[in-house]
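> Mind looking over this structure? Questions follow.
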Amino acid sequence: MKNLQIETYKQNEHQLKEHQKITLNILSERLKINSGKANILEIGCANGNLLLELAKRYPLSHILSVEISSKLCEISREKLAQINHPSVNIIEQDITSYCTNTKFDCIIAEGVHSVFDDPISEISRWLSFLKKDGILLLFGLFAPEQLEYKFHYKNLQNDFGWESGFNAISTDSINQKFASDYDITTLPFNITIDLPKVKNNPIKTHTVDLNGKKNLVLAGSLILTMYHIILKKK
Ligand SMILES: C[S@@+](CC[C@H](N)C(=O)[O-])C[C@H]1O[C@@H](n2cnc3c(N)ncnc32)[C@H](O)[C@@H]1O
């Protein structure tokens, strides 16, 4: 299954998303790096906004992204050319076929695991790329209850056939699979700003108010429950 809905990122907005701001805060608290030199991998950098911010904040680090879309690689590379960072690279590749002997202090995968039909086995592979005290930071859709789902959709505004990208494994599955070897921190994502519904773009999430609480909604029907989950080897 694939996800080709990159229209939103092709518009190349420059602002960090709310979850990315939280990610940067988590990193500044959790990322332990020797003399400022970290090895960082971002899986699926889209328009490169987070990558650019990481490059600015960690100027001595090696920063890599593996991104499947050639158009988004191009947009990200142009963005990174604005700054003079000696070691930021973007590889155009499907992460499922990416193998490396490099070990990372930090791997960030936001909005990516839901594309896969078996996210647990892909997440296990990513964990194998970590240094002994490295962290994997996941963000995106997780089911809060004892129910998981695979979701196929077709965007009639921008039709590439049936696609994936909204599969949700349970936060419990992450715990059951990884808690014996990893310390796991699970942080619910509560959005506080309003995101307007965008006309003719049903794939773009927006917020609705329910009982005074803002909820992220896709295409007016699917309420999204999102978390940051951080895994660190015990
Ligand atoms: C929903 S977007 C999230 C972008 C960004 N990480 C964020 O948090 O806003 C998913 C990104 O992952 C990329 N992607 C999807 N499947 C991928 C794969 N198999 N390998 C590498 N990148 C992938 C997409 O092209 C897109 O840039």
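Letters A, B, ... mark the chains of the structure tokens in the order given; residue numbers begin at 1 per chain; ligand numbers begin at 1, in order shown.
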At a cut-off of 9 Å around ligand 1, and using only C-alpha atoms and all ligand atoms, what residues come up? Please write them as a VMD selection string.
chain A and resid 2 to 6 9 16 to 17 19 to 20 42 to 50 65 to 73 92 to 98 108 to 116 139 to 140 165
> Skip Pro144 (chain A) itself and residues of its chain fewer than 3 positions away, then list as a list in words all residues within 8 Å of it, counting only C-alpha atoms.
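Counting only C-alpha atoms, the residues come to Leu147, Ser170, Thr171, Asp172 and Thr225 of chain A.
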> Mind checking which residues fall within 7 Å of Ala219 (chain A), counting only C-alpha atoms, ignoring those fewer than 4 positions away in the same chain, and posting them as a PyMOL selection string?
chain A and resi 202-203+205
> For region 182-188 of chain A, list every protein, DNA or RNA residue within 7 Å, evaluated using only C-alpha atoms, and leave out those in the same chain fewer than 6 positions away; present the list as JSON, numbers by chain.
{"A": [226, 227, 228, 229, 230, 231, 232, 233, 234]}
> Could you tell me how far CA of Leu137 (chain A) sits from CA of Asn101 (chain A), in Å to one decimal place?
19.7 Å
> Hey, which of A:Asn158, A:Asn215, A:Thr102, A:Ser128 ends up closest to Asn201 (chain A)? Count only C-alpha atoms.
A:Asn158
> Please give the complete set of residues from region 5-192 of chain A that DSSP, run on the backbone, assigns to helix (DSSP H, G or I), formatted as a PyMOL selection string.
chain A and resi 7-10+18-30+49-57+70-80+95-97+113-115+119-127+171-178
> Skipping near chain neighbours, those fewer than 6 positions away, what residues fall within 9 Å of Tyr153 (chain A) using only C-alpha atoms, listed as number ranges by chain?
A: 161-166
> Just write the chosen residues, N, CA and C atoms, as a short mmCIF file (atom, residue, chain, number, x, y, z; two decimals), in the first residue's frame.

```
data_model
loop_
_atom_site.label_atom_id
_atom_site.label_comp_id
_atom_site.auth_asym_id
_atom_site.auth_seq_id
_atom_site.Cartn_x
_atom_site.Cartn_y
_atom_site.Cartn_z
N GLY A 161 -6.10 6.18 -6.75
CA GLY A 161 -6.62 4.86 -6.38
C GLY A 161 -6.62 4.72 -4.86
N TRP A 162 -6.76 3.48 -4.42
CA TRP A 162 -6.82 3.23 -2.97
C TRP A 162 -5.45 3.43 -2.34
N GLU A 163 -5.45 4.15 -1.23
CA GLU A 163 -4.17 4.44 -0.56
C GLU A 163 -4.27 4.12 0.93
N SER A 164 -3.10 4.13 1.58
CA SER A 164 -3.08 3.96 3.04
C SER A 164 -2.47 5.20 3.66
N GLY A 165 -2.30 5.19 4.95
CA GLY A 165 -1.69 6.35 5.62
C GLY A 165 -2.39 6.66 6.92
N PHE A 166 -3.47 5.91 7.20
CA PHE A 166 -4.22 6.17 8.43
C PHE A 166 -4.42 4.89 9.25
#
```
> Residues near Asn200 (chain A), anyone? I mean within 12 Å using only C-alpha atoms, not counting same-chain ones fewer than 4 positions away, as number ranges by chain.
A: 7-8, 155-158, 204, 219
> Please, which residues of region 76-146 of chain A, numbered as in this document, come out strand (DSSP E or B) from DSSP, as a PDB file with C-alpha atoms, in the first residue's frame?

```pdb
ATOM      1  CA  VAL A  88      22.706  17.261   6.077  1.00  0.00           C
ATOM      2  CA  ASN A  89      21.705  14.731   3.447  1.00  0.00           C
ATOM      3  CA  ILE A  90      18.463  13.528   1.964  1.00  0.00           C
ATOM      4  CA  ILE A  91      18.217  10.100   0.372  1.00  0.00           C
ATOM      5  CA  GLU A  92      15.309   9.458  -1.978  1.00  0.00           C
ATOM      6  CA  PHE A 104      21.797   6.974  15.247  1.00  0.00           C
ATOM      7  CA  ASP A 105      21.394   8.920  18.487  1.00  0.00           C
ATOM      8  CA  CYS A 106      17.915   9.824  17.422  1.00  0.00           C
ATOM      9  CA  ILE A 107      15.427   8.644  14.818  1.00  0.00           C
ATOM     10  CA  ILE A 108      12.326  10.716  14.187  1.00  0.00           C
ATOM     11  CA  ALA A 109       9.378   9.235  12.298  1.00  0.00           C
ATOM     12  CA  GLU A 110       6.332  11.456  12.281  1.00  0.00           C
ATOM     13  CA  LEU A 130      19.730   3.142  17.147  1.00  0.00           C
ATOM     14  CA  LYS A 131      22.874   3.535  19.221  1.00  0.00           C
ATOM     15  CA  LYS A 132      22.755   1.857  22.648  1.00  0.00           C
ATOM     16  CA  ASP A 133      21.357   4.958  24.353  1.00  0.00           C
ATOM     17  CA  GLY A 134      19.607   6.382  21.287  1.00  0.00           C
ATOM     18  CA  ILE A 135      15.927   7.301  21.118  1.00  0.00           C
ATOM     19  CA  LEU A 136      13.203   6.646  18.576  1.00  0.00           C
ATOM     20  CA  LEU A 137      10.575   9.360  18.481  1.00  0.00           C
ATOM     21  CA  LEU A 138       7.331   8.395  16.794  1.00  0.00           C
ATOM     22  CA  PHE A 139       4.455  10.752  16.187  1.00  0.00           C
ATOM     23  CA  GLY A 140       1.124  10.080  14.604  1.00  0.00           C
ATOM     24  CA  LEU A 141      -1.963   7.947  14.753  1.00  0.00           C
ATOM     25  CA  ALA A 143      -5.471   3.812  18.765  1.00  0.00           C
TER      26      ALA A 143
END
```
> Using only C-alpha atoms, which residues sit within 9 Å of Val208 (chain A) once same-chain residues fewer than 2 positions away are excluded, as a PDB file with C-alpha atoms, in the first residue's frame?

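Written output follows (part_23.pdb):
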```pdb
ATOM      1  CA  ASP A 194      -7.597  26.089  15.204  1.00  0.00           C
ATOM      2  CA  LEU A 195      -6.854  24.456  11.869  1.00  0.00           C
ATOM      3  CA  PRO A 196      -9.374  25.544   9.243  1.00  0.00           C
ATOM      4  CA  HIS A 206      -8.692  20.324  10.389  1.00  0.00           C
ATOM      5  CA  LEU A 210     -16.319  18.833  20.683  1.00  0.00           C
ATOM      6  CA  LYS A 213     -12.046  20.306  23.340  1.00  0.00           C
ATOM      7  CA  LYS A 214     -10.398  20.618  19.946  1.00  0.00           C
ATOM      8  CA  ASN A 215     -10.236  17.414  17.940  1.00  0.00           C
ATOM      9  CA  LEU A 216      -8.256  16.741  14.798  1.00  0.00           C
ATOM     10  CA  VAL A 217     -10.530  15.509  12.063  1.00  0.00           C
ATOM     11  CA  GLY A 220     -15.049  15.698   8.294  1.00  0.00           C
TER      12      GLY A 220
END
```
> Go through A:Glu53, A:Tyr149, A:Leu41, A:Val198 and flag the residue nearest Trp126 (chain A), using only C-alpha atoms for the distances.
A:Leu41
